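This report refers to the structure that appears directly beneath it.
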Amino acid sequence: MSRSPDTVTLVDVVVIGAGQAGLSAAYHLQRLGASFVVLDANPAPGGAWQHRWRTLTMGDVHGIATLPGLDVPEAVDDAAARDFVPAYYAAYEERFGLPVVRPVRVSAVEDADPGNRGGDLLVRTDAGVWRAPAVINATGTWERPFWPSYPGASSFRGRQLHTHGYEGPEDLAGLDVVVVGGGASAVQVLGEIAPLAASTTWVTRREPVWRVGDFDPDAGREAVALVEERVRQGLPPQSVVSVTGLLLRPQEARAAAMGAYERHPMFTRIEPEGVRMADGTFRHADAIVWATGFRAVLSHLAPLHLREDTGGVRLVAREDAHTPTTAARDHRVQLVGYGPSASTIGANRAGRVAARSAVRVLDDRAAA
């Protein structure tokens, strides 16, 4: 779709992002009769899933949550997640005729009239400007991988990569590999590369928390509630897995038997040929994999000054006491795919609540 950067389009609601949370919000906006657009920075349907490493399978991710109104097709465990999920999302967009415009990159969301904080918002993009009373932000975290800063990193002569750019274990075959991070992605990457690498060393800042017992729906709801409490306080959100704990899967049994999950404290510095461990010993490394997670993509919302002094965007619940999606500092803005709804556990519910809360902005304005 070709548009002039100066074109201004009026809608009721702008949804930014077409991952699970964004598509869920779009479905409910459609049912509520709102005029809306979904702006997606990706070249094709699938959200962040289309960028995941090629060896990540549907068996690895234990399936995905069903979007409202269309069941997920049955998937074989060895189906590549980055093919299967985008195909489902594409079918979903087509089934409901969702108005997704892509690729569109949002640069800023700001007041149409700076003197009227309760007026319309302008969503500025590389494909024009959209004007709306309400915005649902569903940009997730994929485009903002977190690279910690450690002394000596620039001196390393080997390869450094983040899981954002990890493609599969073959590239690390025969190498001495250090994997950094205490989350699920670190566990998965170790499970893949340990049988092929010359050696692996797992380092984390804190002791990994291993889960005992199955992760059932009740455990999922408890985990979401803990993450929700942080965003209610305006604290930077943590991942759901940080409160659910880690669990080894059958496909990681070989790596476990090889000792890949022996955890070491974080190294103190990076040297040209490896890392200096906390106890002063040296560990040779040909590659360092940073499985250190992602941060929320929110820079385009900076003109609205949504962040609290505590570092996060505080969310409140307007439509559902159990699901905060409304920015406390600006009720015109809903955040989904942020905090608890960054997981498939909470994204669908957050999409519904965000859609209703956005429409309430329209109703409030009409009643004023």
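Numbering starts fresh at 1 for the residues of each chain in the structure tokens, the chains themselves are lettered A, B, ... in the order given, and ligands are numbered from 1 as they appear.
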Inset, instruction - From a DSSP calculation on the backbone, collect every residue of stretch 248-340 of chain A in strand (DSSP E) and output the set as a PyMOL selection string. - result: chain A and resi 263-265+269-271+274-276+282-284+287-290+315-316+326-327+333-335
Those selected residues, please, written with N, CA and C atoms and delivered as a short mmCIF file (atom, residue, chain, number, x, y, z; two decimals), in the first residue's frame.
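Dumped everything to out_2.cif:
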data_model
loop_
_atom_site.label_atom_id
_atom_site.label_comp_id
_atom_site.auth_asym_id
_atom_site.auth_seq_id
_atom_site.Cartn_x
_atom_site.Cartn_y
_atom_site.Cartn_z
N ARG A 263 25.27 -24.73 36.38
CA ARG A 263 25.30 -23.27 36.32
C ARG A 263 26.54 -22.70 36.99
N HIS A 264 27.12 -21.66 36.37
CA HIS A 264 28.26 -20.96 36.94
C HIS A 264 27.88 -19.51 37.20
N PRO A 265 28.44 -18.89 38.24
CA PRO A 265 28.19 -17.46 38.46
C PRO A 265 28.69 -16.64 37.27
N ARG A 269 34.69 -10.47 33.52
CA ARG A 269 35.07 -9.69 32.35
C ARG A 269 35.24 -10.62 31.15
N ILE A 270 35.22 -10.00 29.98
CA ILE A 270 35.44 -10.73 28.73
C ILE A 270 36.84 -10.39 28.25
N GLU A 271 37.59 -11.40 27.85
CA GLU A 271 38.94 -11.21 27.35
C GLU A 271 38.99 -11.65 25.88
N GLY A 274 38.32 -15.43 25.60
CA GLY A 274 37.35 -16.10 26.46
C GLY A 274 36.86 -15.20 27.57
N VAL A 275 36.51 -15.81 28.70
CA VAL A 275 35.94 -15.04 29.82
C VAL A 275 36.67 -15.37 31.11
N ARG A 276 36.75 -14.36 31.98
CA ARG A 276 37.35 -14.54 33.30
C ARG A 276 36.23 -14.82 34.28
N PHE A 282 40.14 -18.87 34.06
CA PHE A 282 39.87 -18.44 32.69
C PHE A 282 39.15 -19.55 31.94
N ARG A 283 38.13 -19.17 31.18
CA ARG A 283 37.38 -20.16 30.37
C ARG A 283 37.48 -19.74 28.90
N HIS A 284 38.09 -20.59 28.08
CA HIS A 284 38.22 -20.28 26.66
C HIS A 284 36.83 -20.28 26.01
N ALA A 287 32.67 -18.49 21.14
CA ALA A 287 31.42 -17.76 20.93
C ALA A 287 30.73 -17.52 22.27
N ILE A 288 30.05 -16.39 22.35
CA ILE A 288 29.22 -16.07 23.50
C ILE A 288 27.80 -15.84 23.00
N VAL A 289 26.86 -16.60 23.54
CA VAL A 289 25.45 -16.44 23.19
C VAL A 289 24.76 -15.70 24.33
N TRP A 290 24.22 -14.54 24.03
CA TRP A 290 23.52 -13.73 25.04
C TRP A 290 22.03 -14.07 24.99
N LEU A 315 0.03 0.53 34.75
CA LEU A 315 -1.23 0.20 34.09
C LEU A 315 -2.34 0.07 35.13
N VAL A 316 -3.53 0.50 34.75
CA VAL A 316 -4.71 0.34 35.59
C VAL A 316 -5.78 -0.38 34.78
N THR A 326 -4.69 -0.13 30.75
CA THR A 326 -4.76 1.31 30.51
C THR A 326 -3.60 2.03 31.16
N ALA A 327 -2.90 2.87 30.38
CA ALA A 327 -1.80 3.66 30.93
C ALA A 327 -2.35 4.63 31.97
N VAL A 333 -4.44 5.57 25.99
CA VAL A 333 -3.46 4.59 25.54
C VAL A 333 -3.63 3.28 26.29
N GLN A 334 -3.74 2.20 25.53
CA GLN A 334 -3.78 0.85 26.08
C GLN A 334 -2.49 0.13 25.72
N LEU A 335 -1.95 -0.64 26.65
CA LEU A 335 -0.76 -1.44 26.38
C LEU A 335 -1.10 -2.92 26.51
#
Inset, instruction - Kindly indicate which residue among A:Gly337, A:Gly97, A:Gly182, A:Gly17 lies nearest to A:Ala291, using only C-alpha atoms for the distances. - result: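 Closest candidate: A:Gly182.
In this structure, atom CA of A:Val109 sits 26.2 Å away from atom CA of A:His164.
For A:Ala44, the set of protein, DNA and RNA residues having any atom at most 9 Å away, when counting only C-alpha atoms and skipping those fewer than 5 positions along the same chain, is A:Gln50, A:Pro86, A:Ala90, A:Arg102, A:Pro103.
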Selection above as a file: N, CA and C atoms, as an mmCIF file, in the first residue's frame:
data_model
loop_
_atom_site.group_PDB
_atom_site.id
_atom_site.type_symbol
_atom_site.label_atom_id
_atom_site.label_comp_id
_atom_site.auth_asym_id
_atom_site.auth_seq_id
_atom_site.Cartn_x
_atom_site.Cartn_y
_atom_site.Cartn_z
ATOM 1 N N GLN A 50 7.796 -14.951 13.102
ATOM 2 C CA GLN A 50 8.449 -15.147 11.808
ATOM 3 C C GLN A 50 9.963 -14.969 11.893
ATOM 4 N N PRO A 86 3.090 -17.975 11.787
ATOM 5 C CA PRO A 86 2.721 -16.945 10.819
ATOM 6 C C PRO A 86 1.616 -17.372 9.850
ATOM 7 N N ALA A 90 -1.776 -15.317 9.421
ATOM 8 C CA ALA A 90 -2.195 -14.855 8.101
ATOM 9 C C ALA A 90 -3.627 -15.299 7.812
ATOM 10 N N ARG A 102 0.920 -2.919 6.287
ATOM 11 C CA ARG A 102 2.324 -3.274 6.506
ATOM 12 C C ARG A 102 3.114 -3.160 5.212
ATOM 13 N N PRO A 103 4.416 -3.014 5.302
ATOM 14 C CA PRO A 103 5.162 -2.698 6.520
ATOM 15 C C PRO A 103 5.076 -1.205 6.828
#
Inset, instruction - Skip stretch 185-200 of chain A itself and residues of its chain fewer than 6 positions away, then list as JSON, numbers by chain all residues within 9 Å of it, counting only C-alpha atoms. - result: {"A": [55, 56, 60, 163, 166, 168, 169, 170, 172, 173, 174, 175, 176, 177, 178, 179, 246, 247, 248, 249, 251, 252, 253, 254, 255, 256, 258, 259, 260, 261, 285, 289, 290, 291, 292, 293]}
Kindly export the residues of the current selection with N, CA, C and O atoms, as a tab-separated table (two decimals), in the first residue's frame.
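Dumped everything to selection31.tsv:
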chain	number	residue	atom	x	y	z
A	55	THR	N	15.25	-23.75	14.06
A	55	THR	CA	15.14	-25.05	14.70
A	55	THR	C	14.12	-25.08	15.84
A	55	THR	O	13.91	-26.13	16.45
A	56	LEU	N	13.51	-23.93	16.15
A	56	LEU	CA	12.48	-23.90	17.18
A	56	LEU	C	11.20	-24.51	16.62
A	56	LEU	O	10.64	-24.03	15.63
A	60	ASP	N	8.72	-27.57	20.83
A	60	ASP	CA	9.52	-26.78	21.78
A	60	ASP	C	8.65	-25.76	22.51
A	60	ASP	O	8.85	-25.51	23.70
A	163	THR	N	20.15	-14.23	21.21
A	163	THR	CA	19.15	-15.18	20.70
A	163	THR	C	18.26	-14.54	19.64
A	163	THR	O	17.67	-15.25	18.81
A	166	TYR	N	20.03	-15.75	16.68
A	166	TYR	CA	20.40	-17.17	16.66
A	166	TYR	C	19.58	-17.91	15.62
A	166	TYR	O	18.35	-17.76	15.56
A	168	GLY	N	20.37	-21.45	14.73
A	168	GLY	CA	20.38	-22.88	14.96
A	168	GLY	C	21.74	-23.34	15.43
A	168	GLY	O	22.72	-22.59	15.39
A	169	PRO	N	21.86	-24.58	15.91
A	169	PRO	CA	23.09	-25.05	16.55
A	169	PRO	C	24.25	-25.31	15.60
A	169	PRO	O	25.40	-25.33	16.02
A	170	GLU	N	23.97	-25.54	14.31
A	170	GLU	CA	25.05	-25.92	13.39
A	170	GLU	C	26.14	-24.86	13.31
A	170	GLU	O	27.32	-25.17	13.15
A	172	LEU	N	27.40	-23.23	15.57
A	172	LEU	CA	28.27	-23.28	16.75
A	172	LEU	C	28.90	-24.65	16.96
A	172	LEU	O	29.53	-24.90	17.98
A	173	ALA	N	28.73	-25.52	15.98
A	173	ALA	CA	29.29	-26.87	16.09
A	173	ALA	C	30.81	-26.82	16.21
A	173	ALA	O	31.49	-26.06	15.51
A	174	GLY	N	31.34	-27.62	17.14
A	174	GLY	CA	32.78	-27.72	17.32
A	174	GLY	C	33.41	-26.56	18.06
A	174	GLY	O	34.64	-26.52	18.18
A	175	LEU	N	32.62	-25.63	18.58
A	175	LEU	CA	33.15	-24.45	19.25
A	175	LEU	C	32.99	-24.56	20.77
A	175	LEU	O	32.13	-25.29	21.26
A	176	ASP	N	33.83	-23.82	21.48
A	176	ASP	CA	33.65	-23.63	22.91
A	176	ASP	C	32.69	-22.45	23.07
A	176	ASP	O	33.00	-21.32	22.66
A	177	VAL	N	31.51	-22.71	23.67
A	177	VAL	CA	30.44	-21.71	23.70
A	177	VAL	C	30.07	-21.38	25.14
A	177	VAL	O	29.86	-22.27	25.96
A	178	VAL	N	29.98	-20.09	25.43
A	178	VAL	CA	29.45	-19.61	26.71
A	178	VAL	C	28.05	-19.09	26.45
A	178	VAL	O	27.83	-18.26	25.56
A	179	VAL	N	27.09	-19.57	27.22
A	179	VAL	CA	25.70	-19.13	27.11
A	179	VAL	C	25.36	-18.33	28.36
A	179	VAL	O	25.53	-18.81	29.49
A	246	LEU	N	11.90	-22.72	35.56
A	246	LEU	CA	12.37	-23.44	34.38
A	246	LEU	C	12.07	-24.92	34.50
A	246	LEU	O	12.06	-25.48	35.60
A	247	LEU	N	11.86	-25.56	33.37
A	247	LEU	CA	11.55	-26.99	33.35
A	247	LEU	C	12.25	-27.61	32.16
A	247	LEU	O	12.12	-27.14	31.03
A	248	LEU	N	13.02	-28.65	32.40
A	248	LEU	CA	13.68	-29.35	31.31
A	248	LEU	C	12.68	-30.23	30.58
A	248	LEU	O	11.87	-30.91	31.20
A	249	ARG	N	12.76	-30.21	29.26
A	249	ARG	CA	11.88	-31.01	28.42
A	249	ARG	C	12.61	-32.26	27.95
A	249	ARG	O	13.84	-32.33	28.06
A	251	GLN	N	13.50	-33.26	25.09
A	251	GLN	CA	14.52	-33.01	24.07
A	251	GLN	C	15.80	-32.40	24.64
A	251	GLN	O	16.80	-32.28	23.93
A	252	GLU	N	15.76	-32.02	25.91
A	252	GLU	CA	16.95	-31.48	26.55
A	252	GLU	C	17.66	-32.49	27.46
A	252	GLU	O	18.64	-32.16	28.14
A	253	ALA	N	17.17	-33.72	27.45
A	253	ALA	CA	17.73	-34.74	28.33
A	253	ALA	C	19.18	-35.04	28.00
A	253	ALA	O	20.02	-35.24	28.89
A	254	ARG	N	19.52	-35.05	26.70
A	254	ARG	CA	20.89	-35.36	26.32
A	254	ARG	C	21.84	-34.28	26.82
A	254	ARG	O	22.91	-34.58	27.36
A	255	ALA	N	21.45	-33.02	26.64
A	255	ALA	CA	22.29	-31.93	27.12
A	255	ALA	C	22.45	-31.99	28.63
A	255	ALA	O	23.53	-31.73	29.17
A	256	ALA	N	21.36	-32.34	29.34
A	256	ALA	CA	21.43	-32.46	30.79
A	256	ALA	C	22.41	-33.55	31.21
A	256	ALA	O	23.21	-33.37	32.14
A	258	MET	N	24.96	-34.46	29.66
A	258	MET	CA	26.31	-34.00	29.36
A	258	MET	C	26.79	-32.94	30.35
A	258	MET	O	27.93	-32.49	30.27
A	259	GLY	N	25.91	-32.52	31.27
A	259	GLY	CA	26.30	-31.53	32.26
A	259	GLY	C	26.13	-30.09	31.79
A	259	GLY	O	26.67	-29.16	32.43
A	260	ALA	N	25.37	-29.88	30.72
A	260	ALA	CA	25.22	-28.53	30.16
A	260	ALA	C	24.51	-27.58	31.11
A	260	ALA	O	24.67	-26.36	31.02
A	261	TYR	N	23.71	-28.13	32.04
A	261	TYR	CA	22.94	-27.27	32.93
A	261	TYR	C	23.59	-27.08	34.29
A	261	TYR	O	22.94	-26.69	35.26
A	285	ALA	N	36.65	-19.38	25.07
A	285	ALA	CA	35.38	-19.31	24.35
A	285	ALA	C	35.62	-18.88	22.91
A	285	ALA	O	36.40	-17.95	22.64
A	289	VAL	N	26.86	-16.60	23.54
A	289	VAL	CA	25.45	-16.44	23.19
A	289	VAL	C	24.76	-15.70	24.33
A	289	VAL	O	24.73	-16.19	25.47
A	290	TRP	N	24.22	-14.54	24.03
A	290	TRP	CA	23.52	-13.73	25.04
A	290	TRP	C	22.03	-14.07	24.99
A	290	TRP	O	21.30	-13.57	24.13
A	291	ALA	N	21.61	-14.94	25.89
A	291	ALA	CA	20.19	-15.28	26.03
A	291	ALA	C	19.62	-14.44	27.15
A	291	ALA	O	19.13	-14.94	28.17
A	292	THR	N	19.71	-13.14	26.98
A	292	THR	CA	19.45	-12.19	28.06
A	292	THR	C	18.13	-11.44	27.90
A	292	THR	O	17.91	-10.42	28.57
A	293	GLY	N	17.28	-11.93	27.04
A	293	GLY	CA	15.93	-11.39	26.98
A	293	GLY	C	15.79	-10.11	26.17
A	293	GLY	O	16.70	-9.69	25.44
Legend entry - Separation of atom CA of A:Val100 from atom CA of A:Val129 in Å: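 Distance between the two atoms: 14.9 Å.
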Inset, instruction - Kindly give the distance, in Å, that separates atom CA of A:Val313 and atom CA of A:Ala328, rounded to a single decimal. - result: 7.7 Å
Legend entry - Nearest to A:Gly69 by atom-to-atom distance, counting only C-alpha atoms, from A:Glu93, A:Glu167, A:Asp111, A:Asp12: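 Of A:Glu93, A:Glu167, A:Asp111, A:Asp12, the one nearest A:Gly69 is A:Glu93, counting only C-alpha atoms.
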Inset, instruction - Would you kindly return, as a list in words, each protein, DNA or RNA residue with an atom no farther than 9 Å from any atom of stretch 141-144 of chain A, considering only C-alpha atoms and excluding same-chain residues fewer than 4 positions away? - result: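 Using only C-alpha atoms, the neighbours found are Gly47, Ala48, His51, His164, Gly293, Phe294, Arg295, Ala296, Val297, Leu298, Gly337, Tyr338 and Ala342 of chain A.
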Can I get the selected residues back with N, CA and C atoms, as a PDB file, in the first residue's frame?
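Below you can see selection_7.pdb, which holds the result:
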ATOM      1  N   GLY A  47       3.907 -11.606  13.372  1.00  0.00           N
ATOM      2  CA  GLY A  47       4.539 -10.967  14.514  1.00  0.00           C
ATOM      3  C   GLY A  47       5.971 -11.424  14.672  1.00  0.00           C
ATOM      4  N   ALA A  48       6.434 -11.510  15.909  1.00  0.00           N
ATOM      5  CA  ALA A  48       7.821 -11.904  16.165  1.00  0.00           C
ATOM      6  C   ALA A  48       8.098 -13.353  15.796  1.00  0.00           C
ATOM      7  N   HIS A  51      10.461 -14.436  12.994  1.00  0.00           N
ATOM      8  CA  HIS A  51      11.891 -14.184  13.149  1.00  0.00           C
ATOM      9  C   HIS A  51      12.569 -15.173  14.091  1.00  0.00           C
ATOM     10  N   HIS A 164      18.194 -13.217  19.617  1.00  0.00           N
ATOM     11  CA  HIS A 164      17.482 -12.495  18.557  1.00  0.00           C
ATOM     12  C   HIS A 164      18.020 -12.870  17.178  1.00  0.00           C
ATOM     13  N   GLY A 293      17.276 -11.929  27.039  1.00  0.00           N
ATOM     14  CA  GLY A 293      15.931 -11.390  26.978  1.00  0.00           C
ATOM     15  C   GLY A 293      15.794 -10.114  26.167  1.00  0.00           C
ATOM     16  N   PHE A 294      14.638  -9.489  26.329  1.00  0.00           N
ATOM     17  CA  PHE A 294      14.245  -8.341  25.534  1.00  0.00           C
ATOM     18  C   PHE A 294      13.599  -7.299  26.437  1.00  0.00           C
ATOM     19  N   ARG A 295      13.502  -6.100  25.928  1.00  0.00           N
ATOM     20  CA  ARG A 295      12.826  -5.025  26.639  1.00  0.00           C
ATOM     21  C   ARG A 295      11.653  -4.526  25.786  1.00  0.00           C
ATOM     22  N   ALA A 296      10.668  -3.953  26.433  1.00  0.00           N
ATOM     23  CA  ALA A 296       9.481  -3.479  25.719  1.00  0.00           C
ATOM     24  C   ALA A 296       9.843  -2.372  24.729  1.00  0.00           C
ATOM     25  N   VAL A 297       9.228  -2.438  23.554  1.00  0.00           N
ATOM     26  CA  VAL A 297       9.438  -1.432  22.511  1.00  0.00           C
ATOM     27  C   VAL A 297       8.419  -0.311  22.723  1.00  0.00           C
ATOM     28  N   LEU A 298       8.861   0.775  23.341  1.00  0.00           N
ATOM     29  CA  LEU A 298       7.944   1.858  23.714  1.00  0.00           C
ATOM     30  C   LEU A 298       8.465   3.245  23.361  1.00  0.00           C
ATOM     31  N   GLY A 337       0.570  -6.925  25.209  1.00  0.00           N
ATOM     32  CA  GLY A 337       1.883  -7.446  24.881  1.00  0.00           C
ATOM     33  C   GLY A 337       2.944  -6.814  25.760  1.00  0.00           C
ATOM     34  N   TYR A 338       2.541  -6.330  26.924  1.00  0.00           N
ATOM     35  CA  TYR A 338       3.431  -5.655  27.861  1.00  0.00           C
ATOM     36  C   TYR A 338       3.220  -6.279  29.230  1.00  0.00           C
ATOM     37  N   ALA A 342       2.531 -10.102  27.630  1.00  0.00           N
ATOM     38  CA  ALA A 342       3.588 -10.429  26.688  1.00  0.00           C
ATOM     39  C   ALA A 342       3.650 -11.929  26.445  1.00  0.00           C
TER      40      ALA A 342
END
Legend entry - Selection near stretch 34-39 of chain A, 7 Å with only C-alpha atoms, sequence-local residues under 4 positions removed, as a list in words: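 Close residues of stretch 34-39 of chain A: Val11, Asp12, Val13, Val14, Val15, Ile16, Gly17, Ala18, Leu29, Gln30, Pro99, Val100, Val101, Arg102 and Val104 of chain A.
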Could you write out the selected residues, including C-alpha atoms, as a PDB file, in the first residue's frame?
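Writing done, so here's out_26.pdb:
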ATOM      1  CA  VAL A  11     -10.060   6.333  12.630  1.00  0.00           C
ATOM      2  CA  ASP A  12     -11.487   5.566  16.057  1.00  0.00           C
ATOM      3  CA  VAL A  13      -8.564   3.448  17.240  1.00  0.00           C
ATOM      4  CA  VAL A  14      -5.035   2.740  16.000  1.00  0.00           C
ATOM      5  CA  VAL A  15      -3.561  -0.644  16.937  1.00  0.00           C
ATOM      6  CA  ILE A  16       0.243  -0.730  16.701  1.00  0.00           C
ATOM      7  CA  GLY A  17       1.522  -4.259  16.161  1.00  0.00           C
ATOM      8  CA  ALA A  18      -0.037  -7.396  14.643  1.00  0.00           C
ATOM      9  CA  LEU A  29     -12.666  -3.784  18.070  1.00  0.00           C
ATOM     10  CA  GLN A  30     -14.347  -5.194  14.979  1.00  0.00           C
ATOM     11  CA  PRO A  99      -7.397  -3.875   8.232  1.00  0.00           C
ATOM     12  CA  VAL A 100      -3.686  -4.525   8.669  1.00  0.00           C
ATOM     13  CA  VAL A 101      -1.297  -2.141   6.905  1.00  0.00           C
ATOM     14  CA  ARG A 102       2.324  -3.274   6.506  1.00  0.00           C
ATOM     15  CA  VAL A 104       4.636   0.509   8.502  1.00  0.00           C
TER      16      VAL A 104
END
Inset, instruction - Would you kindly return, as a ChimeraX atom specification, each protein, DNA or RNA residue with an atom no farther than 12 Å from any atom of A:Ala75, considering only C-alpha atoms and excluding same-chain residues fewer than 2 positions away? - result: /A:57-64,71-73,77-81,83-85,87-88
Legend entry - Shortest interatomic distance to A:Met266 - which of A:Leu304, A:Val359, A:Val180, A:Val336, counting only C-alpha atoms: A:Val180
Legend entry - Pick from A:Gly183, A:Pro114, A:Gly128, A:Pro272, whichever lies nearest to A:Arg159 using only C-alpha atoms: A:Pro272
Inset, instruction - Identify which of the residues A:His28, A:Thr7, A:Tyr92, A:Arg105 lies closest to A:Ala355, counting only C-alpha atoms when measuring atom-to-atom distances. - result: A:His28
Legend entry - Residue with smallest distance to A:His305 - pool A:Ala108, A:Leu10, A:Ala354, A:Leu161, counting only C-alpha atoms: A:Ala108
